[in-house]
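In what follows, a structure is listed as structure tokens, so that the remarks can point back to it.
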Amino acid sequence: MSVVIAKNLTKKYNDFVAVDHINFQIEKGEIFGLLGPNGAGKTTTIKMLTGLTSITEGDALIGGISIKERPNEVKKRIGWISSEVIVDDDLTAWENIEIQAKLLKVKDWKERADAILEYFGIKEFKNRKAGKFSTGMRKKLEITMALLNSPEIVFMDEPTIGLDVNTRASLWNLIRQINKDYSATILLTTHYMEEADMLCKKIGIINKGKIVALGSPEELKEKYGGDVIEIELKDGLNVELNKFGQVIRKDGKISVKTGNAEEVLLGVINTIGSNNIKSLRIKKSSLDTVFLNLTGGSLEEEGEFDLRKFNMMMRRARR
Ligand SMILES: Nc1ncnc2c1ncn2[C@@H]1O[C@H](COP(=O)(O)OP(=O)(O)O)[C@@H](O)[C@H]1O
Ligand SMILES: [Mg+2]
């Protein structure tokens, strides 16, 4: 059963198309990842699916209900965790949960809240102010709040952004756990390849508002990826390797792009002659190669200017 069906979902800001006729489905129990660089349209997509912003064209069915026609109905059935703050630091964890329960009009929330807090091992801290929570505890509180109404799907917008490596890894475990133990279908967005690869059963790669590929990590690697054998030869040698794959020569190195490196490796070595090889390295197909092949770009945002971070830094500096 499909919990989410997006049909030509489109968002325009004036003439700018932020999300461009995207189509995808999420099956019950799946962790679905929307993977793309900054500005790709991930947050806008989530905002449309959760009724937080209007839809310009197309529609989405959440649990069979049109978000365009019955947004309030949908909002009651979903959970949402934003990268923006939803927890009030001055209130206790329990008070935060209570507000959420009232917002969502959930009845009998207390028992469920206690059970989830217990499950996460933070029940004993429920009367502590959220502001005193560690990042990890806070994430657990956010997830508790998102699970309160037994949602059909939980939306997580860049859940691990800005977290250190350890907290990120433990959040991956939490996400896997609630996916299993609470049968939560999850849509998460990320610009971390590793995260999508580790967590998601299915991935939609989004770039400039368009979904450019859809499939399981393995399918994507198989279809758009490819291994690379990188060889450094002893000087002055020139060998013909085209029959093993696409050959790229650069900086004195030869790269052979091929489906499965292991299958052609012996042939390559024999053709060159092991005595003539200075160094040899295999790079296995990864979502990185997939993304590069599909978009010609990289997911890393090196040198990108983040206005929000910049403003925050300036504010801190002024204090
Ligand atoms: N309220 C808005 N008005 C105009 N443009 C917007 C607005 N929100 C987002 N955008 C633009 O839409 C594009 C997609 O943004 P967003 O969905 O936030 O991307 P992502 O979450 O993948 O980083 C970006 O180019 C962004 O600048
Ligand atoms: Mg975003």
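Labels for the structure tokens follow display order: chains A, B, ..., residues from 1 in each chain, ligands from 1.
Restricting the atom set to only C-alpha atoms and all ligand atoms, one finds that the residues within 7 Å of ligand 1 amount to Tyr13, Ala18, Gly36, Pro37, Asn38, Gly39, Ala40, Gly41, Lys42, Thr43, Thr44, Thr45 and Gly209 of chain A.
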Kindly save the residues from that selection, with N, CA and C atoms included, as a CSV table (one decimal), in the first residue's frame.
```csv
chain,number,residue,atom,x,y,z
A,13,TYR,N,7.6,29.8,-7.0
A,13,TYR,CA,7.6,31.1,-6.4
A,13,TYR,C,7.7,32.1,-7.5
A,18,ALA,N,10.5,25.9,-8.0
A,18,ALA,CA,11.4,25.3,-6.9
A,18,ALA,C,11.2,23.8,-6.9
A,36,GLY,N,19.4,15.3,-2.1
A,36,GLY,CA,19.8,16.4,-3.1
A,36,GLY,C,20.6,17.5,-2.4
A,37,PRO,N,21.2,18.3,-3.2
A,37,PRO,CA,22.1,19.4,-2.6
A,37,PRO,C,21.2,20.5,-2.1
A,38,ASN,N,21.8,21.5,-1.5
A,38,ASN,CA,21.1,22.7,-1.0
A,38,ASN,C,20.4,23.3,-2.1
A,39,GLY,N,19.1,23.7,-1.9
A,39,GLY,CA,18.4,24.4,-2.9
A,39,GLY,C,17.7,23.5,-3.9
A,40,ALA,N,17.8,22.2,-3.7
A,40,ALA,CA,17.2,21.3,-4.7
A,40,ALA,C,15.7,21.3,-4.7
A,41,GLY,N,15.1,21.6,-3.5
A,41,GLY,CA,13.7,21.6,-3.4
A,41,GLY,C,13.1,20.6,-2.4
A,42,LYS,N,14.0,20.1,-1.5
A,42,LYS,CA,13.6,19.1,-0.5
A,42,LYS,C,12.6,19.7,0.5
A,43,THR,N,13.0,20.8,1.1
A,43,THR,CA,12.1,21.4,2.2
A,43,THR,C,10.8,21.8,1.6
A,44,THR,N,10.8,22.4,0.4
A,44,THR,CA,9.6,22.8,-0.3
A,44,THR,C,8.7,21.6,-0.5
A,45,THR,N,9.3,20.5,-0.9
A,45,THR,CA,8.5,19.3,-1.1
A,45,THR,C,7.8,18.8,0.2
A,209,GLY,N,14.9,21.0,-8.4
A,209,GLY,CA,13.5,20.8,-8.4
A,209,GLY,C,13.0,19.6,-9.1
```
**Message:** Which residues are close to Ile62 in chain A, i.e. within 8 Å by only C-alpha atoms, leaving aside same-chain residues fewer than 2 positions away? Reply as a ChimeraX atom specification.
**Reply:** /A:3-5,49,60,64-67,74
With N, CA, C and O atoms kept, could you save the residues just selected as a PDB file, in the first residue's frame?
```pdb
ATOM      1  N   VAL A   3       1.667   4.885   1.007  1.00  0.00           N
ATOM      2  CA  VAL A   3       1.279   5.872   2.023  1.00  0.00           C
ATOM      3  C   VAL A   3       1.349   7.280   1.431  1.00  0.00           C
ATOM      4  O   VAL A   3       0.574   8.156   1.781  1.00  0.00           O
ATOM      5  N   VAL A   4       2.300   7.474   0.525  1.00  0.00           N
ATOM      6  CA  VAL A   4       2.401   8.763  -0.163  1.00  0.00           C
ATOM      7  C   VAL A   4       2.426   8.516  -1.669  1.00  0.00           C
ATOM      8  O   VAL A   4       3.156   7.643  -2.147  1.00  0.00           O
ATOM      9  N   ILE A   5       1.599   9.262  -2.370  1.00  0.00           N
ATOM     10  CA  ILE A   5       1.683   9.263  -3.828  1.00  0.00           C
ATOM     11  C   ILE A   5       1.747  10.719  -4.270  1.00  0.00           C
ATOM     12  O   ILE A   5       0.781  11.459  -4.107  1.00  0.00           O
ATOM     13  N   LEU A  49       3.869  18.523   1.159  1.00  0.00           N
ATOM     14  CA  LEU A  49       3.270  17.247   1.601  1.00  0.00           C
ATOM     15  C   LEU A  49       2.627  17.356   2.978  1.00  0.00           C
ATOM     16  O   LEU A  49       1.746  16.574   3.319  1.00  0.00           O
ATOM     17  N   ALA A  60      -0.794  15.493  -3.919  1.00  0.00           N
ATOM     18  CA  ALA A  60      -0.232  14.301  -3.282  1.00  0.00           C
ATOM     19  C   ALA A  60      -1.314  13.666  -2.432  1.00  0.00           C
ATOM     20  O   ALA A  60      -2.104  14.357  -1.796  1.00  0.00           O
ATOM     21  N   GLY A  64      -4.030   8.067   1.139  1.00  0.00           N
ATOM     22  CA  GLY A  64      -5.190   8.094   0.249  1.00  0.00           C
ATOM     23  C   GLY A  64      -5.949   9.415   0.245  1.00  0.00           C
ATOM     24  O   GLY A  64      -6.912   9.577  -0.503  1.00  0.00           O
ATOM     25  N   ILE A  65      -5.514  10.373   1.080  1.00  0.00           N
ATOM     26  CA  ILE A  65      -6.247  11.641   1.168  1.00  0.00           C
ATOM     27  C   ILE A  65      -5.466  12.759   0.466  1.00  0.00           C
ATOM     28  O   ILE A  65      -4.252  12.888   0.644  1.00  0.00           O
ATOM     29  N   SER A  66      -6.181  13.548  -0.305  1.00  0.00           N
ATOM     30  CA  SER A  66      -5.535  14.632  -1.029  1.00  0.00           C
ATOM     31  C   SER A  66      -5.131  15.750  -0.076  1.00  0.00           C
ATOM     32  O   SER A  66      -5.958  16.320   0.623  1.00  0.00           O
ATOM     33  N   ILE A  67      -3.855  16.076  -0.095  1.00  0.00           N
ATOM     34  CA  ILE A  67      -3.362  17.152   0.770  1.00  0.00           C
ATOM     35  C   ILE A  67      -3.875  18.494   0.275  1.00  0.00           C
ATOM     36  O   ILE A  67      -4.067  19.438   1.047  1.00  0.00           O
ATOM     37  N   VAL A  74      -5.218  15.522   6.629  1.00  0.00           N
ATOM     38  CA  VAL A  74      -3.883  14.941   6.482  1.00  0.00           C
ATOM     39  C   VAL A  74      -3.008  15.290   7.688  1.00  0.00           C
ATOM     40  O   VAL A  74      -2.317  14.433   8.234  1.00  0.00           O
TER      41      VAL A  74
END
```
**Request:** Mind checking which residues fall within 8 Å of Gln100 in chain A, counting only C-alpha atoms, ignoring those fewer than 4 positions away in the same chain, and posting them as a PyMOL selection string?
**Result:** chain A and resi 96+104+145
**In range 123-154 of chain A, DSSP alpha helix (DSSP H) residues written as number ranges by chain** = A: 135-147
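For Lys139 in chain A, the set of protein, DNA and RNA residues having any atom at most 10 Å away, when counting only C-alpha atoms and skipping those fewer than 6 positions along the same chain, is Ile81, Val87, Phe133, Met145, Pro159, Thr160, Thr167, Leu171 and Leu174 of chain A.
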